[in-house]
Amino acid sequence: MAVSALLEIDEPDPVTLENETGSSSFFLTCDHAGRAFPRRLGTLGLPEHETWRHIAWDIGIGEVGSELSRLLDRTLTIF
């Protein structure tokens, strides 16, 4: 049985790292921060208008995480 990757080679990495040199040994993480779907999954059966609601992503949490990372000087992972 052949195994195929979920993401196509031209799709962005689903995890980003910010403030990698933060001064703390603790780090912050934000999940559910984006509304991108792997192309192979389409919209998971959701109508387009539903992908703009909280059921598809946590609206604003990426920006909150980035601001906290900056203020607290902590590394942040966003996915």
# chains A, B, ... in the order shown; residues from 1 in each chain; ligands from 1

$ select_by_dssp --residues "stretch 24-74 of chain A" --states "strand (DSSP E or B)" --output "PDB file with C-alpha atoms, in the first residue's frame"
ATOM      1  CA  PHE A  27       7.221  28.664  25.418  1.00  0.00           C
ATOM      2  CA  LEU A  28       3.731  29.579  24.253  1.00  0.00           C
ATOM      3  CA  THR A  29       1.628  27.635  21.806  1.00  0.00           C
ATOM      4  CA  CYS A  30      -1.483  28.510  19.803  1.00  0.00           C
TER       5      CYS A  30
END

$ residues_around --residues "A:Gly65" --least-positions-apart "3" --cutoff "9 Å" --atoms "only C-alpha atoms" --output "ChimeraX atom specification"
/A:28-30,60-62,68-70,76-78

$ residues_around --residues "A:Glu8" --least-positions-apart "5" --cutoff "12 Å" --atoms "only C-alpha atoms" --output "ChimeraX atom specification"
/A:13-14,37-41

$ closest_residue --among "A:Asp73, A:Glu67, A:Phe79, A:Ala56" --to "A:Gly22" --atoms "only C-alpha atoms"
A:Asp73

$ closest_residue --among "A:Val15, A:Ala5, A:Leu72, A:Gly34" --to "A:His54" --atoms "only C-alpha atoms"
A:Gly34

$ atom_distance --atom1 "atom CA of A:Thr51" --atom2 "atom CA of A:Ala36"
9.0 Å

$ atom_distance --atom1 "atom CA of A:Leu46" --atom2 "atom CA of A:Pro12"
21.2 Å

$ select_by_dssp --residues "chain A" --states "helix (DSSP H, G or I)" --output "ChimeraX atom specification"
/A:39-41,48-52,61-72
